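Working notes, structure below.
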Amino acid sequence: MATVINKQVLLRDYVTGFANESDLVITSTNVDLRVPKGSMTVLVKNLFLSCDPYMRNRMRKPDPLSPATAQSFTPGMPISGLGVSKVIDSGHPDYREGDLLWGAVGWEEYSVITPIPNLHFKIHHTNFPLSYYTGLLGMPGMTAYVGFYEICSPKKGETVFVSAASGAVGQLVGQFAKMMGCYVVGSAGSKEKVDLLRNKFGFDDAFNYKEEHNLVATLKRQVKILLHPQNKIKVIAFSMSIKPIKRFSLFSRCFPQGIDIYFENVGGKMLDAVILNMRPHGRIAACGMISQYNLQNPEGVYGLSLITYKRIRIEGFNCFDYFHKYSEFLEFVVPYVREGKITYVEDVAEGLESAPAALVGLFHGKNVGKQLVVVSRDLE
């Protein structure tokens, strides 16, 4: 039976605080190119690996009081996640050599998997970049779809705020909201990302949270218009004192009347500021809280009493609970992608050797768009 070298990414040990590249180790082993006769397993060659925020919690030591660590990685063993793969050999009746699929695999060049319904999916739309199945057409896309449409129940004309808005999920939530006719604002951590939100993804407005000293005030900023017909300055509306200037100025920032929908990806101080700015009967879809994943002592949220007075609904969700609707999601999103009505930005790291830096960089906000790793572009 032929064997090949199989490079893998291992977790050195459980991680406390901020993760470092040194917490992940590249090693090699051998793998057989045939699955055992009579086996229901499938040998796949991994093409693309998905870097996702939830993986930080899997690097923690298991804690019986924390569901977030229920599926912790095992030190000294390959870490795992979602990826796009090609079948090399199969003992499973539903998969044949040459099939393409996406789903749970090891962070390695080759993985032996036992396909599980709603965790492994055959790829039928091969006219799109295969990398899209780590993002737009995979778990992040499904997360955006479920979180926005199922959890938030949006209505035309509502106000929507998305944190970590340039990431794998946020960039799609904003575009879905615009397609619904909502007013959409996003936050991100650099000028480059803010420009993407405004100019590529079509957000109505965006801001760099790192440059804002008062997030409550930032979210509350009103529309300010200065006109000077016949050389006279007229102040139409403003939220703070502005000295008249002899030129036309237009500022349209954030939510003077409050937020109807918040797609939560960050947590901490941002969540506190949002709750203070939510409108009555607002909805918050709690997708993730990446600002807290590296902290030994997570930040508290202090405005929770307002969810009672404002009748705000906060709902956490896990898209894995909705994968039975994956075909429905594809029916919805594929026509928009085909027609060029949805834009998607990827941050691509080349080679399995670059995987530790790519994953750790995600936790520090270094990625611009969906972070993924190319293991192989060889489809032969």
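Going through the structure tokens in order, the chains are called A, B, and so on, while each chain numbers its residues from 1 and the ligands are numbered from 1 in the order shown.
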Mind dumping a table of every region 70-129 of chain A residue within 12 Å of region 334-341 of chain A, with the nearest atom pair and its distance in Å to one decimal, using only C-alpha atoms, sorted by chain and rising number, as CSV?
```
residue,atom,partner,partner_atom,distance
A:His124,CA,A:Val334,CA,11.5
A:His125,CA,A:Val334,CA,8.7
A:Thr126,CA,A:Val334,CA,11.5
A:Asn127,CA,A:Arg338,CA,9.2
A:Phe128,CA,A:Arg338,CA,8.4
A:Pro129,CA,A:Val337,CA,11.1
```
Excluding Met40 (chain A) and residues on its chain fewer than 4 positions from it, collect all residues at most 10 Å away from it, counting only C-alpha atoms, and give them as a PDB file with N, CA, C and O atoms, in the first residue's frame.
```
ATOM      1  N   VAL A  35      -7.823   3.555   1.965  1.00  0.00           N
ATOM      2  CA  VAL A  35      -8.502   3.281   3.236  1.00  0.00           C
ATOM      3  C   VAL A  35      -8.650   1.765   3.369  1.00  0.00           C
ATOM      4  O   VAL A  35      -8.642   1.033   2.374  1.00  0.00           O
ATOM      5  N   PRO A  36      -8.763   1.257   4.603  1.00  0.00           N
ATOM      6  CA  PRO A  36      -8.897  -0.199   4.796  1.00  0.00           C
ATOM      7  C   PRO A  36     -10.128  -0.758   4.085  1.00  0.00           C
ATOM      8  O   PRO A  36     -11.176  -0.097   4.025  1.00  0.00           O
ATOM      9  N   SER A  90     -12.062   6.059  -1.057  1.00  0.00           N
ATOM     10  CA  SER A  90     -13.270   6.036  -0.237  1.00  0.00           C
ATOM     11  C   SER A  90     -13.806   4.634  -0.067  1.00  0.00           C
ATOM     12  O   SER A  90     -13.866   3.845  -1.013  1.00  0.00           O
ATOM     13  N   GLY A  91     -14.223   4.340   1.174  1.00  0.00           N
ATOM     14  CA  GLY A  91     -14.977   3.136   1.456  1.00  0.00           C
ATOM     15  C   GLY A  91     -16.430   3.463   1.725  1.00  0.00           C
ATOM     16  O   GLY A  91     -17.222   2.588   2.074  1.00  0.00           O
ATOM     17  N   HIS A  92     -16.781   4.738   1.600  1.00  0.00           N
ATOM     18  CA  HIS A  92     -18.134   5.210   1.885  1.00  0.00           C
ATOM     19  C   HIS A  92     -18.952   5.222   0.600  1.00  0.00           C
ATOM     20  O   HIS A  92     -18.483   5.724  -0.432  1.00  0.00           O
ATOM     21  N   PRO A  93     -20.161   4.694   0.613  1.00  0.00           N
ATOM     22  CA  PRO A  93     -20.953   4.599  -0.625  1.00  0.00           C
ATOM     23  C   PRO A  93     -21.341   5.943  -1.231  1.00  0.00           C
ATOM     24  O   PRO A  93     -21.653   6.010  -2.426  1.00  0.00           O
ATOM     25  N   ASP A  94     -21.339   7.015  -0.434  1.00  0.00           N
ATOM     26  CA  ASP A  94     -21.767   8.322  -0.941  1.00  0.00           C
ATOM     27  C   ASP A  94     -20.622   9.147  -1.520  1.00  0.00           C
ATOM     28  O   ASP A  94     -20.859  10.237  -2.049  1.00  0.00           O
ATOM     29  N   TYR A  95     -19.378   8.654  -1.389  1.00  0.00           N
ATOM     30  CA  TYR A  95     -18.239   9.429  -1.861  1.00  0.00           C
ATOM     31  C   TYR A  95     -17.359   8.570  -2.751  1.00  0.00           C
ATOM     32  O   TYR A  95     -17.071   7.404  -2.427  1.00  0.00           O
ATOM     33  N   ILE A 113     -11.420  10.787   7.157  1.00  0.00           N
ATOM     34  CA  ILE A 113     -12.649  11.225   7.812  1.00  0.00           C
ATOM     35  C   ILE A 113     -13.727  10.159   7.686  1.00  0.00           C
ATOM     36  O   ILE A 113     -13.682   9.314   6.799  1.00  0.00           O
ATOM     37  N   THR A 114     -14.680  10.219   8.594  1.00  0.00           N
ATOM     38  CA  THR A 114     -15.915   9.450   8.475  1.00  0.00           C
ATOM     39  C   THR A 114     -17.023  10.466   8.231  1.00  0.00           C
ATOM     40  O   THR A 114     -17.396  11.196   9.156  1.00  0.00           O
ATOM     41  N   PRO A 115     -17.514  10.581   7.002  1.00  0.00           N
ATOM     42  CA  PRO A 115     -18.488  11.634   6.683  1.00  0.00           C
ATOM     43  C   PRO A 115     -19.718  11.577   7.589  1.00  0.00           C
ATOM     44  O   PRO A 115     -20.264  10.504   7.860  1.00  0.00           O
TER      45      PRO A 115
END
```
Quick one: everything within 8 Å of region 301-315 of chain A, counting only C-alpha atoms, minus sequence neighbours fewer than 6 positions away in the same chain. Send it as a count of residues only. 16
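You can rank A:Tyr133, A:Tyr326, A:Tyr293, A:Phe207 by their closest distance to Tyr145 (chain A) using only C-alpha atoms, and at the top of that list sits A:Tyr326.
The shortest atom-to-atom distance to Gly361 (chain A), with only C-alpha atoms taken into account, belongs to A:Cys51 out of A:Val160, A:Cys51, A:Leu11, A:Leu82.
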